[in-house]
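What follows is a short report on a single structure.
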Amino acid sequence: LHLFTLSSNQESWFESFDGGVNWQPTTTGFRQFGTYPVKSGNQSGLAYIPKQLAISPANPNHWLLLDSPGVLASYDAGRTWARVGVVRNEEDSASYSDIAWDPRDPHKVWATSNKGRVLIGSNFGTPNETWEERQIGPDTAFFNLIRFSRSGAYIYLTEISNQGSIYRSQDFGQTFTKVSDPIHCAPQCGYNDALWLNPKNASELVLGGVQLYHS
């Protein structure tokens with residue numbers, strides 16, 4: 001069992017080859033890809049914030065790292081990295097939150113954005129790799145989590161700019177509609193947002209935040 005965990009302070013990830021008993025750091029120098037202003041109390045500065053590591057189901061050497069500016073890709077199991085998708089600059093307040101592979105296509109990946117958009121990578125890891133941003137909500141919408149049904153026909157997004165909403169696609173992501181405003185994560189949507197989708201029933205969801213909801 002090969003496990004990974006990310007470290008923002010040391011700009012590295014840690015690897016375990018024995019089921020998590022022992023760990024060793026692997027330095028990446030992520031900071032070269034951009035730092036962003038952060039503030040905590042009376043202190044402020046620049047930081048690099050990695051969020052998620054996603055390994056391709058088609059090729060275990062093909063990795064994606066979601067960070068504040070966007071998406072980094074590695075085609076050699078994390079030894080070297082390159083910026084892909086839409087490159088953000090320090091004046092742009094857009095960032096990405098969640099990343100998931102399309103269950104219908106192991107070379108297709110989706111990432112959510114705080115600008116009412118999703119980023120879609122197609123043919124990832126192939127010579128025909130492409131990336132596009134698609135606007136699916138108002139520019140003020142903060143799409144945080146993305147979940148797929150087993151078939152990929154249903155796609156759910158949590159939107160957290162207005163204390164918690166749910167968007168849904170029933171046509172493999174061609175169109176999205178806001179279906180409810182459960183206000184599940186108020187007032188802590190930045191870190192209290194969870195969504196579970198029943199793999200046997202795409203209409204059954206459990207939504208977690210400050211309160212727990214079942215639909």
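In the structure tokens, chains take the letters A, B, ... in the order shown, each chain's residues start at 1, and ligands count up from 1 in the order shown.
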
Near range 57-61 of chain A, 9 Å: range 93-146 of chain A residue rows, closest pairs, only C-alpha atoms, as a tab-separated table:
residue	atom	partner	partner_atom	distance
A:Trp101	CA	A:Pro57	CA	8.0
A:Asp105	CA	A:Ala58	CA	8.9
A:Pro106	CA	A:Ala58	CA	5.4
A:His107	CA	A:Ala58	CA	6.6
A:Gly125	CA	A:Asn59	CA	8.1

Which residues come within 12 Å of Ile183 in chain A, counting only C-alpha atoms, excluding same-chain residues fewer than 3 positions away, as a VMD selection string?
chain A and resid 158 to 166 180 186 to 189 192 to 193 207 to 213

Resulting file, chosen residues, N, CA and C atoms, as a short mmCIF file (atom, residue, chain, number, x, y, z; two decimals), in the first residue's frame:
data_model
loop_
_atom_site.label_atom_id
_atom_site.label_comp_id
_atom_site.auth_asym_id
_atom_site.auth_seq_id
_atom_site.Cartn_x
_atom_site.Cartn_y
_atom_site.Cartn_z
N THR A 158 -21.66 21.07 -4.61
CA THR A 158 -22.06 21.95 -3.52
C THR A 158 -21.60 23.36 -3.85
N GLU A 159 -22.46 24.32 -3.53
CA GLU A 159 -22.15 25.73 -3.76
C GLU A 159 -22.25 26.43 -2.41
N ILE A 160 -21.19 27.10 -1.98
CA ILE A 160 -21.12 27.54 -0.58
C ILE A 160 -21.07 29.06 -0.40
N SER A 161 -21.30 29.81 -1.45
CA SER A 161 -21.24 31.27 -1.29
C SER A 161 -22.46 31.81 -0.55
N ASN A 162 -23.57 31.06 -0.57
CA ASN A 162 -24.81 31.52 0.05
C ASN A 162 -25.26 30.53 1.12
N GLN A 163 -24.31 30.07 1.94
CA GLN A 163 -24.57 29.22 3.09
C GLN A 163 -24.95 27.78 2.73
N GLY A 164 -24.82 27.41 1.48
CA GLY A 164 -25.00 26.01 1.11
C GLY A 164 -26.13 25.75 0.14
N SER A 165 -25.78 25.39 -1.12
CA SER A 165 -26.75 25.03 -2.15
C SER A 165 -26.26 23.78 -2.88
N ILE A 166 -27.18 23.15 -3.61
CA ILE A 166 -26.85 21.96 -4.38
C ILE A 166 -27.21 22.20 -5.85
N SER A 180 -31.62 22.90 -4.82
CA SER A 180 -32.06 23.19 -3.46
C SER A 180 -31.07 24.13 -2.77
N ALA A 186 -23.85 26.90 6.98
CA ALA A 186 -23.76 28.22 7.61
C ALA A 186 -23.47 28.08 9.09
N PRO A 187 -22.57 28.88 9.67
CA PRO A 187 -21.79 29.94 9.01
C PRO A 187 -20.35 29.51 8.73
N GLN A 188 -20.12 28.21 8.51
CA GLN A 188 -18.75 27.71 8.41
C GLN A 188 -18.52 26.95 7.11
N CYS A 189 -19.01 27.50 6.00
CA CYS A 189 -18.97 26.76 4.74
C CYS A 189 -17.56 26.54 4.22
N ASN A 192 -16.74 23.33 6.59
CA ASN A 192 -17.76 22.37 6.99
C ASN A 192 -18.66 22.07 5.81
N ASP A 193 -18.19 21.26 4.89
CA ASP A 193 -18.96 20.93 3.70
C ASP A 193 -18.59 19.52 3.27
N LEU A 207 -25.75 15.06 3.14
CA LEU A 207 -25.08 16.35 3.06
C LEU A 207 -24.68 16.77 4.47
N GLY A 208 -23.39 17.05 4.67
CA GLY A 208 -22.92 17.41 5.98
C GLY A 208 -22.34 18.81 6.02
N GLY A 209 -22.55 19.46 7.16
CA GLY A 209 -21.99 20.78 7.41
C GLY A 209 -22.08 21.03 8.89
N VAL A 210 -22.67 22.13 9.27
CA VAL A 210 -22.98 22.34 10.68
C VAL A 210 -24.07 21.38 11.11
N GLN A 211 -24.98 21.10 10.20
CA GLN A 211 -26.02 20.09 10.40
C GLN A 211 -25.86 18.98 9.36
N LEU A 212 -26.50 17.84 9.63
CA LEU A 212 -26.46 16.70 8.72
C LEU A 212 -27.83 16.52 8.08
N TYR A 213 -27.84 16.40 6.73
CA TYR A 213 -29.09 16.28 5.99
C TYR A 213 -29.09 15.04 5.14
#

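CA of Leu65 in chain A to CA of Gln52 in chain A spans 5.7 Å [interatomic distance, one decimal].
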
Residue contacts of Phe172 in chain A (9 Å, only C-alpha atoms) excluding same-chain residues fewer than 6 positions away, as a CSV table (one decimal) with C-alpha atoms, in the first residue's frame:
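Now in result.csv:
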chain,number,residue,atom,x,y,z
A,151,SER,CA,-22.7,5.8,-14.3
A,152,GLY,CA,-21.6,9.4,-14.5
A,153,ALA,CA,-25.0,10.6,-15.6
A,154,TYR,CA,-25.6,12.4,-12.4
A,155,ILE,CA,-23.1,15.0,-11.2

From the options A:Val21, A:Ala111, A:Leu64, A:Leu195, which residue's atoms come nearest to Ser97 in chain A, counting only C-alpha atoms?
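Of A:Val21, A:Ala111, A:Leu64, A:Leu195, the one nearest Ser97 in chain A is A:Ala111, counting only C-alpha atoms.
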
Mind giving me the straight-line distance from CA of Gln170 in chain A to CA of Asp102 in chain A in Å, one decimal?
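That distance, rounded to one decimal, is 13.9 Å.
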
Just the residues within 8 Å of Asp76 in chain A, please, counting only C-alpha atoms, with nothing from its chain fewer than 4 positions along; format it as a PDB file with C-alpha atoms, in the first residue's frame.
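Listing of selection_24.pdb after writing:
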ATOM      1  CA  ASN A  61       2.388   7.642 -13.009  1.00  0.00           C
ATOM      2  CA  HIS A  62       0.036  10.439 -14.091  1.00  0.00           C
ATOM      3  CA  TRP A  63      -0.804  12.750 -11.185  1.00  0.00           C
ATOM      4  CA  THR A  80       8.533  16.787 -12.141  1.00  0.00           C
TER       5      THR A  80
END

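Between CA of Arg134 in chain A and CA of Ala73 in chain A the interatomic distance comes to 19.8 Å.
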
Compile the contact shell of Ile146 in chain A as a list of chain:residue names: residues with an atom at most 7 Å away, counting only C-alpha atoms, same-chain residues fewer than 3 positions apart removed.
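My list of contacting residues is A:Asp98, A:Ala100, A:Thr112, A:Tyr156, A:Leu157, A:Thr158.
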
Keeping only all heavy atoms, write the selected residues as a short mmCIF file (atom, residue, chain, number, x, y, z; two decimals), in the first residue's frame.
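Output file out02.cif is given in full below:
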data_model
loop_
_atom_site.label_atom_id
_atom_site.label_comp_id
_atom_site.auth_asym_id
_atom_site.auth_seq_id
_atom_site.Cartn_x
_atom_site.Cartn_y
_atom_site.Cartn_z
N ASP A 98 -12.03 21.28 -5.53
CA ASP A 98 -12.18 19.84 -5.52
C ASP A 98 -11.88 19.30 -6.92
O ASP A 98 -12.05 20.00 -7.92
CB ASP A 98 -13.60 19.45 -5.10
CG ASP A 98 -13.73 17.99 -4.68
OD1 ASP A 98 -12.69 17.35 -4.42
OD2 ASP A 98 -14.87 17.50 -4.60
N ALA A 100 -12.07 15.51 -9.38
CA ALA A 100 -12.59 14.14 -9.45
C ALA A 100 -12.51 13.63 -10.88
O ALA A 100 -12.66 14.39 -11.85
CB ALA A 100 -14.04 14.09 -8.97
N THR A 112 -13.60 21.97 -9.43
CA THR A 112 -14.56 23.03 -9.12
C THR A 112 -13.84 24.35 -8.85
O THR A 112 -12.68 24.37 -8.43
CB THR A 112 -15.39 22.67 -7.89
OG1 THR A 112 -14.51 22.36 -6.80
CG2 THR A 112 -16.27 21.46 -8.18
N TYR A 156 -23.22 16.01 -8.94
CA TYR A 156 -23.67 16.95 -7.92
C TYR A 156 -22.53 17.89 -7.54
O TYR A 156 -21.38 17.47 -7.41
CB TYR A 156 -24.15 16.22 -6.68
CG TYR A 156 -25.45 15.46 -6.87
CD1 TYR A 156 -25.44 14.13 -7.29
CD2 TYR A 156 -26.68 16.06 -6.62
CE1 TYR A 156 -26.62 13.43 -7.47
CE2 TYR A 156 -27.87 15.37 -6.79
CZ TYR A 156 -27.83 14.05 -7.21
OH TYR A 156 -29.01 13.36 -7.38
N LEU A 157 -22.88 19.16 -7.33
CA LEU A 157 -21.94 20.17 -6.87
C LEU A 157 -22.49 20.85 -5.63
O LEU A 157 -23.69 21.15 -5.57
CB LEU A 157 -21.71 21.24 -7.94
CG LEU A 157 -21.21 20.80 -9.32
CD1 LEU A 157 -21.29 21.98 -10.29
CD2 LEU A 157 -19.80 20.27 -9.23
N THR A 158 -21.66 21.07 -4.61
CA THR A 158 -22.06 21.95 -3.52
C THR A 158 -21.60 23.36 -3.85
O THR A 158 -20.50 23.57 -4.36
CB THR A 158 -21.46 21.51 -2.17
OG1 THR A 158 -20.03 21.58 -2.23
CG2 THR A 158 -21.89 20.08 -1.84
#

Got a sec to tell me which of range 16-199 of chain A DSSP assigns to strand (DSSP E or B), as an MDAnalysis selection string?
chainID A and resid 16 24:27 36:40 43:47 50:55 63:67 71:74 82:84 96:101 109:113 117:122 130:135 143:148 155:159 165:169 177:180 194:197

For Val71 in chain A: contacts at 12 Å, only C-alpha atoms, fewer than 5 positions along chain excluded, given as a ChimeraX atom specification
/A:30,33-34,49-54,63-66,81-88,95-99,109-113,119-121,131

For N, CA, C and O atoms, I'd like the residues from the last selection saved as a compact mmCIF listing (two decimals), in the first residue's frame.
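Contents of again-v8.txt, freshly written:
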# COMPACT_ATOMS: atom_id res chain seq x y z
N PHE A 30 7.16 23.23 -4.86
CA PHE A 30 5.91 23.73 -5.42
C PHE A 30 5.85 25.25 -5.45
O PHE A 30 5.16 25.84 -6.28
N PHE A 33 5.65 27.61 -8.41
CA PHE A 33 4.47 27.76 -9.26
C PHE A 33 3.54 28.86 -8.79
O PHE A 33 2.47 29.05 -9.33
N GLY A 34 3.94 29.61 -7.74
CA GLY A 34 3.15 30.77 -7.33
C GLY A 34 2.75 30.74 -5.88
O GLY A 34 2.39 29.71 -5.34
N ILE A 49 -0.48 26.85 -1.18
CA ILE A 49 -1.49 26.02 -0.53
C ILE A 49 -1.89 24.87 -1.45
O ILE A 49 -2.78 25.01 -2.30
N PRO A 50 -1.25 23.70 -1.33
CA PRO A 50 -1.73 22.52 -2.06
C PRO A 50 -2.99 21.98 -1.41
O PRO A 50 -3.15 22.06 -0.19
N LYS A 51 -3.90 21.45 -2.22
CA LYS A 51 -5.20 21.02 -1.69
C LYS A 51 -5.46 19.53 -1.86
O LYS A 51 -5.85 18.85 -0.92
N GLN A 52 -5.32 19.03 -3.07
CA GLN A 52 -5.63 17.63 -3.31
C GLN A 52 -4.66 17.02 -4.31
O GLN A 52 -4.23 17.69 -5.25
N LEU A 53 -4.37 15.77 -4.10
CA LEU A 53 -3.57 14.98 -5.04
C LEU A 53 -4.46 13.92 -5.65
O LEU A 53 -5.12 13.17 -4.93
N ALA A 54 -4.52 13.86 -6.98
CA ALA A 54 -5.37 12.89 -7.68
C ALA A 54 -4.52 12.09 -8.65
O ALA A 54 -3.82 12.66 -9.49
N TRP A 63 -0.23 12.14 -12.38
CA TRP A 63 -0.80 12.75 -11.18
C TRP A 63 -1.27 14.16 -11.48
O TRP A 63 -0.73 14.86 -12.33
N LEU A 64 -2.28 14.59 -10.72
CA LEU A 64 -2.73 15.97 -10.74
C LEU A 64 -2.72 16.50 -9.31
O LEU A 64 -3.15 15.81 -8.38
N LEU A 65 -2.25 17.73 -9.14
CA LEU A 65 -2.26 18.39 -7.85
C LEU A 65 -3.09 19.65 -7.96
O LEU A 65 -2.81 20.52 -8.79
N LEU A 66 -4.11 19.73 -7.13
CA LEU A 66 -4.95 20.91 -7.07
C LEU A 66 -4.36 21.87 -6.05
O LEU A 66 -4.07 21.48 -4.91
N TRP A 81 6.89 18.54 -12.38
CA TRP A 81 5.54 19.10 -12.46
C TRP A 81 5.48 20.22 -13.48
O TRP A 81 6.46 20.90 -13.74
N ALA A 82 4.28 20.44 -14.04
CA ALA A 82 4.05 21.54 -14.96
C ALA A 82 2.64 22.07 -14.73
O ALA A 82 1.72 21.30 -14.40
N ARG A 83 2.46 23.36 -14.91
CA ARG A 83 1.14 23.96 -14.76
C ARG A 83 0.28 23.61 -15.98
O ARG A 83 0.73 23.71 -17.12
N VAL A 84 -0.96 23.18 -15.75
CA VAL A 84 -1.90 22.88 -16.82
C VAL A 84 -3.20 23.63 -16.55
O VAL A 84 -3.38 24.23 -15.49
N GLY A 85 -4.12 23.54 -17.49
CA GLY A 85 -5.39 24.22 -17.30
C GLY A 85 -5.26 25.71 -17.46
O GLY A 85 -4.50 26.21 -18.30
N VAL A 86 -5.99 26.44 -16.64
CA VAL A 86 -6.00 27.90 -16.68
C VAL A 86 -5.06 28.41 -15.61
O VAL A 86 -5.22 28.11 -14.42
N VAL A 87 -4.06 29.18 -15.99
CA VAL A 87 -3.07 29.69 -15.04
C VAL A 87 -3.61 30.95 -14.38
O VAL A 87 -4.06 31.88 -15.04
N ARG A 88 -3.58 30.96 -13.04
CA ARG A 88 -4.03 32.12 -12.27
C ARG A 88 -2.83 32.99 -11.90
O ARG A 88 -1.72 32.49 -11.74
N SER A 95 -9.87 30.40 -7.61
CA SER A 95 -9.09 29.25 -7.17
C SER A 95 -9.95 28.00 -7.33
O SER A 95 -11.16 28.09 -7.59
N TYR A 96 -9.33 26.84 -7.17
CA TYR A 96 -10.04 25.57 -7.31
C TYR A 96 -10.15 24.87 -5.97
O TYR A 96 -9.31 25.06 -5.09
N SER A 97 -11.19 24.04 -5.82
CA SER A 97 -11.48 23.44 -4.52
C SER A 97 -11.47 21.92 -4.52
O SER A 97 -10.99 21.31 -3.58
N ASP A 98 -12.03 21.28 -5.53
CA ASP A 98 -12.18 19.84 -5.52
C ASP A 98 -11.88 19.30 -6.92
O ASP A 98 -12.05 20.00 -7.92
N ILE A 99 -11.44 18.05 -6.98
CA ILE A 99 -11.09 17.43 -8.25
C ILE A 99 -11.55 15.98 -8.24
O ILE A 99 -11.49 15.31 -7.21
N VAL A 109 -11.11 14.61 -16.26
CA VAL A 109 -11.12 15.04 -14.87
C VAL A 109 -11.83 16.39 -14.76
O VAL A 109 -11.79 17.20 -15.69
N TRP A 110 -12.49 16.59 -13.63
CA TRP A 110 -13.24 17.82 -13.37
C TRP A 110 -12.71 18.47 -12.10
O TRP A 110 -12.36 17.79 -11.14
N ALA A 111 -12.66 19.81 -12.09
CA ALA A 111 -12.27 20.56 -10.89
C ALA A 111 -13.26 21.71 -10.69
O ALA A 111 -13.69 22.34 -11.65
N THR A 112 -13.60 21.97 -9.43
CA THR A 112 -14.56 23.03 -9.12
C THR A 112 -13.84 24.35 -8.85
O THR A 112 -12.68 24.37 -8.43
N SER A 113 -14.56 25.46 -9.06
CA SER A 113 -13.97 26.80 -8.92
C SER A 113 -14.88 27.70 -8.11
O SER A 113 -16.08 27.47 -8.00
N LEU A 119 -13.51 23.34 -14.24
CA LEU A 119 -12.40 23.11 -15.16
C LEU A 119 -12.45 21.65 -15.58
O LEU A 119 -12.54 20.76 -14.73
N ILE A 120 -12.40 21.40 -16.88
CA ILE A 120 -12.50 20.03 -17.39
C ILE A 120 -11.25 19.72 -18.20
O ILE A 120 -10.90 20.43 -19.15
N GLY A 121 -10.57 18.65 -17.80
CA GLY A 121 -9.42 18.16 -18.56
C GLY A 121 -9.82 16.90 -19.32
O GLY A 121 -10.35 15.96 -18.74
N TRP A 131 -7.69 21.30 -21.99
CA TRP A 131 -8.35 21.82 -20.79
C TRP A 131 -9.28 22.95 -21.18
O TRP A 131 -8.95 23.76 -22.05

Could you check the closest approach to Thr177 in chain A for each of A:His214, A:Asn144, A:Pro138, A:Tyr191 and tell me which residue wins, using only C-alpha atoms?
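Of all the options, A:Pro138 lies closest to Thr177 in chain A.
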